[in-house]
Each structure stands twice: as C-alpha cells, then as structure tokens.
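Before any comments, here is the structure.
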Amino acid sequence: MVPTTVAYDKVIARCRSLFVNKMTDYGSAWRILRLPSLTDQIFIKAQRIRSLQENAVRKVDEGEASEFIGIINYSVMALIQLELGVVDQPDLDTERASALYDEKIHVTKTLMEAKNHDYGEAWREMRISSLTDLILQKLLRVKQIEDNKGKTLVSEGIDANYQDMINYAVFALILMGEEF
C-alpha cells in the first residue's frame with residue numbers, strides 16, 4: 001500500500017497539472033465567479049458522481065475520476081476566492097494562480113495529515129459512495145452558510161468545508177487507483 005502522503009501528492013499533481021493547463025487555455029476567467037457559483041459547480045460534479053454510482057446506464061463517456069478532480073480544483077478556486085475576493089475581470093497570471101493553488105493545497109494537506117493521524121486512516125475502509133455522500137453533505141452545509149451570509153453559531157466556516165471536500169475527493173481517487 002502506497003503511503004497516504006505519497007498517494008495524496010500524486011493525485012494533487014494530476015489535479016494541479018489540469019489546473020495549470022486550463023489557466024493556459026482560459027486564463028483566470030474563474031476569478032469572476034462568486035462563491036455560490038463555485039459551490040454550485042462543485043454540487044453539479046458531486047451529483048453527477050452520485051448518479052454514475054447509482055445508474056447502470058451512462059450517456060456521457062466521462063467517469064467519476066474527472067468529476068472528483070473537478071471537485072478538487074473548484075474547491076481550491078473557492079479557497080482562493082475566499083482569500084482574494086471576487087473581481088470583475090481576470091487578474092491572475094498562471095504563475096500567481098499556481099502559487100495560490102500550492103498554498104491552499106499545503107494548508108489542506110496539513111489538515112488531512114492531522115485528521116488522518118487522529119482517525120487512523122479510517123477512510124481506507126470507506127466506500128467511494130460514502131465519500132461522495134460526505135462531499136454532498138459538506139456542499140449542503142456550505143450552501144446553508146452562504147444563505148446565512150457566512151455567519152455560523154458553532155460550526156466551522158466555509159473554508160474548512162471546502163478543505164474537507166478536497167480531502168474526501170483525494171481519498172476517493174486514491175481508492176479508485178487514480179493516484180498516478
């Protein structure tokens with residue numbers, strides 16, 4: 001079994017490569033997206049994964065892995081938007097966006113390592129469908145916090161939920177054998 005941190009880094013390298021390539025193609029057009037728009041993009045991807053897990057027939061030849069990658073990259077974009085705010089025009093070049101991506105992943109991976117230690121890598125015994133459900137649950141929490149204008153009484157903030165979604169999606173890709 002590949003150590004979690006090694007497998008995690010392989011998954012993130014794949015996601016980051018796609019992020020950089022899309023930055024090259026499209027620039028930072030995503031910078032105009034408000035947080036609820038990013039949340040909805042992640043929701044669409046998670047719902048598609050759940051549908052693929054439940055339905056025998058697929059009409060689009062694209063599997064779960066690409067959707068989990070999308071969840072990771074859109075969640076990183078959301079974390080960047082939380083820090084920088086929304087803009088009217090793209091304002092990041094690939095180098096700066098990549099540095100921000102790396103910063104957000106570093107913090108998220110550190111969180112994963114701490115939780116993974118305390119939970120004893122329990123995720124390795126989970127079903128991918130359960131990870132999908134947990135992502136959907138986190139999304140519903142984020143939507144509620146967004147509807148509450150970001151205010152919570154006792155709960156962690158939106159950023160922690162995006163970080164958990166990243167980590168659950170990474171775990172799913174590892175379990176699927178997609179960490180190359």
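We name chains A, B, ... following the order of the structure tokens; residues begin at 1 in each chain, and ligands are numbered from 1 as shown.
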Near-segment 21-37 of chain A list (6 Å; only C-alpha atoms; drop same-chain fewer than 2 positions) as a PyMOL selection string = chain A and resi 18-19+39-40+86-88+90+92+94
Okay, now the selection with N, CA, C and O atoms, as a compact mmCIF listing (two decimals), in the first residue's frame?
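What follows is the written file part_1.txt:
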# COMPACT_ATOMS: atom_id res chain seq x y z
N LEU A 18 -3.80 19.78 -14.53
CA LEU A 18 -5.02 20.18 -15.27
C LEU A 18 -5.35 21.64 -15.00
O LEU A 18 -5.70 22.39 -15.92
N PHE A 19 -5.22 22.07 -13.74
CA PHE A 19 -5.48 23.46 -13.38
C PHE A 19 -4.58 24.40 -14.18
O PHE A 19 -5.04 25.39 -14.76
N THR A 39 -19.66 26.92 -5.51
CA THR A 39 -20.32 25.86 -4.74
C THR A 39 -21.26 25.07 -5.64
O THR A 39 -21.30 23.83 -5.58
N ASP A 40 -22.01 25.76 -6.48
CA ASP A 40 -22.94 25.08 -7.38
C ASP A 40 -22.21 24.23 -8.42
O ASP A 40 -22.67 23.14 -8.77
N VAL A 86 -13.87 38.35 -5.07
CA VAL A 86 -14.29 38.25 -6.46
C VAL A 86 -13.89 39.51 -7.20
O VAL A 86 -13.88 40.60 -6.64
N VAL A 87 -13.53 39.36 -8.48
CA VAL A 87 -13.16 40.51 -9.31
C VAL A 87 -14.06 40.59 -10.53
O VAL A 87 -14.77 39.64 -10.86
N ASP A 88 -14.03 41.74 -11.19
CA ASP A 88 -14.83 41.92 -12.40
C ASP A 88 -14.14 41.42 -13.66
O ASP A 88 -14.78 41.15 -14.67
N PRO A 90 -10.55 38.99 -15.09
CA PRO A 90 -9.45 38.10 -14.71
C PRO A 90 -8.21 38.92 -14.33
O PRO A 90 -7.87 39.89 -15.00
N LEU A 92 -5.26 37.21 -12.50
CA LEU A 92 -4.13 36.37 -12.09
C LEU A 92 -3.46 35.73 -13.29
O LEU A 92 -4.14 35.20 -14.17
N THR A 94 -0.77 32.70 -14.67
CA THR A 94 -0.63 31.29 -14.31
C THR A 94 0.32 31.09 -13.14
O THR A 94 0.06 30.28 -12.25
Spatial neighbours of Gly70 of chain A, max dist 12 Å, only C-alpha atoms, sep filter under 2 positions, as a PyMOL selection string = chain A and resi 12+14-16+18-19+22+38-39+41-46+48-49+63-68+72-78+165-166+169-170+173
Kindly save the residues from that selection, with N, CA and C atoms included, as a short mmCIF file (atom, residue, chain, number, x, y, z; two decimals), in the first residue's frame.
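Done, and the output landed in out.cif:
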data_model
loop_
_atom_site.label_atom_id
_atom_site.label_comp_id
_atom_site.auth_asym_id
_atom_site.auth_seq_id
_atom_site.Cartn_x
_atom_site.Cartn_y
_atom_site.Cartn_z
N ILE A 12 -2.78 15.16 -6.30
CA ILE A 12 -2.73 16.62 -6.41
C ILE A 12 -1.89 17.04 -7.62
N ARG A 14 -1.67 15.56 -10.43
CA ARG A 14 -2.55 15.39 -11.60
C ARG A 14 -3.57 16.54 -11.68
N CYS A 15 -4.17 16.87 -10.53
CA CYS A 15 -5.15 17.96 -10.49
C CYS A 15 -4.50 19.30 -10.82
N ARG A 16 -3.34 19.54 -10.26
CA ARG A 16 -2.64 20.80 -10.48
C ARG A 16 -2.25 20.95 -11.94
N LEU A 18 -3.80 19.78 -14.53
CA LEU A 18 -5.02 20.18 -15.27
C LEU A 18 -5.35 21.64 -15.00
N PHE A 19 -5.22 22.07 -13.74
CA PHE A 19 -5.48 23.46 -13.38
C PHE A 19 -4.58 24.40 -14.18
N LYS A 22 -5.53 24.48 -17.87
CA LYS A 22 -6.74 25.28 -18.09
C LYS A 22 -6.46 26.77 -17.90
N LEU A 38 -19.31 28.87 -7.48
CA LEU A 38 -18.33 27.79 -7.34
C LEU A 38 -18.93 26.62 -6.57
N THR A 39 -19.66 26.92 -5.51
CA THR A 39 -20.32 25.86 -4.74
C THR A 39 -21.26 25.07 -5.64
N GLN A 41 -21.06 24.69 -8.90
CA GLN A 41 -20.26 23.88 -9.83
C GLN A 41 -19.81 22.58 -9.16
N ILE A 42 -19.37 22.70 -7.92
CA ILE A 42 -18.94 21.51 -7.17
C ILE A 42 -20.14 20.59 -6.94
N PHE A 43 -21.28 21.18 -6.62
CA PHE A 43 -22.50 20.41 -6.39
C PHE A 43 -22.88 19.61 -7.63
N ILE A 44 -22.81 20.25 -8.80
CA ILE A 44 -23.14 19.56 -10.05
C ILE A 44 -22.22 18.35 -10.23
N LYS A 45 -20.95 18.53 -9.96
CA LYS A 45 -19.99 17.43 -10.12
C LYS A 45 -20.27 16.30 -9.13
N ALA A 46 -20.56 16.64 -7.88
CA ALA A 46 -20.86 15.62 -6.88
C ALA A 46 -22.16 14.89 -7.21
N ARG A 48 -23.37 14.42 -10.19
CA ARG A 48 -23.10 13.54 -11.33
C ARG A 48 -22.40 12.27 -10.85
N ILE A 49 -21.46 12.40 -9.93
CA ILE A 49 -20.79 11.21 -9.39
C ILE A 49 -21.82 10.29 -8.75
N GLY A 63 -16.00 9.41 -16.70
CA GLY A 63 -16.28 8.74 -15.45
C GLY A 63 -16.18 9.62 -14.22
N GLU A 64 -16.17 8.94 -13.08
CA GLU A 64 -16.15 9.61 -11.79
C GLU A 64 -14.83 10.35 -11.53
N ALA A 65 -13.74 9.80 -11.99
CA ALA A 65 -12.42 10.38 -11.68
C ALA A 65 -12.34 11.84 -12.11
N SER A 66 -12.77 12.14 -13.32
CA SER A 66 -12.68 13.53 -13.79
C SER A 66 -13.57 14.47 -12.96
N GLU A 67 -14.66 13.95 -12.44
CA GLU A 67 -15.54 14.77 -11.60
C GLU A 67 -14.91 15.02 -10.23
N PHE A 68 -14.26 14.00 -9.66
CA PHE A 68 -13.55 14.21 -8.38
C PHE A 68 -12.42 15.22 -8.56
N ILE A 72 -11.95 18.89 -6.63
CA ILE A 72 -10.70 19.37 -6.01
C ILE A 72 -10.34 20.75 -6.55
N ASN A 73 -10.32 20.89 -7.87
CA ASN A 73 -9.88 22.17 -8.45
C ASN A 73 -10.86 23.30 -8.19
N TYR A 74 -12.16 23.04 -8.27
CA TYR A 74 -13.12 24.10 -7.96
C TYR A 74 -13.07 24.48 -6.48
N SER A 75 -12.80 23.50 -5.61
CA SER A 75 -12.68 23.82 -4.18
C SER A 75 -11.45 24.69 -3.91
N VAL A 76 -10.35 24.41 -4.61
CA VAL A 76 -9.17 25.27 -4.47
C VAL A 76 -9.50 26.68 -4.97
N MET A 77 -10.18 26.77 -6.09
CA MET A 77 -10.58 28.09 -6.60
C MET A 77 -11.43 28.83 -5.57
N ALA A 78 -12.34 28.11 -4.91
CA ALA A 78 -13.19 28.73 -3.89
C ALA A 78 -12.36 29.24 -2.72
N MET A 165 -13.85 18.74 1.48
CA MET A 165 -14.26 18.22 0.16
C MET A 165 -13.04 17.84 -0.67
N ILE A 166 -12.01 18.67 -0.63
CA ILE A 166 -10.77 18.34 -1.34
C ILE A 166 -10.23 17.01 -0.83
N ALA A 169 -12.32 14.00 -1.84
CA ALA A 169 -12.16 13.70 -3.27
C ALA A 169 -10.81 13.05 -3.53
N VAL A 170 -9.76 13.51 -2.86
CA VAL A 170 -8.44 12.88 -2.99
C VAL A 170 -8.53 11.43 -2.51
N LEU A 173 -10.19 9.28 -5.12
CA LEU A 173 -9.30 8.97 -6.25
C LEU A 173 -8.24 7.95 -5.86
#
request  = Check the smallest atom-to-atom distance from each of A:Ser98, A:Thr5, A:Leu79, A:Gly120 to Ala160 of chain A using only C-alpha atoms, then report the winner.
outcome  = A:Leu79
query = Among segment 10-178 of chain A, which ones does DSSP place in helix (DSSP H, G or I), written as a PyMOL selection string?
reply = chain A and resi 10-26+29-32+35-54+64-84+94-119+122-125+128-147+158-175
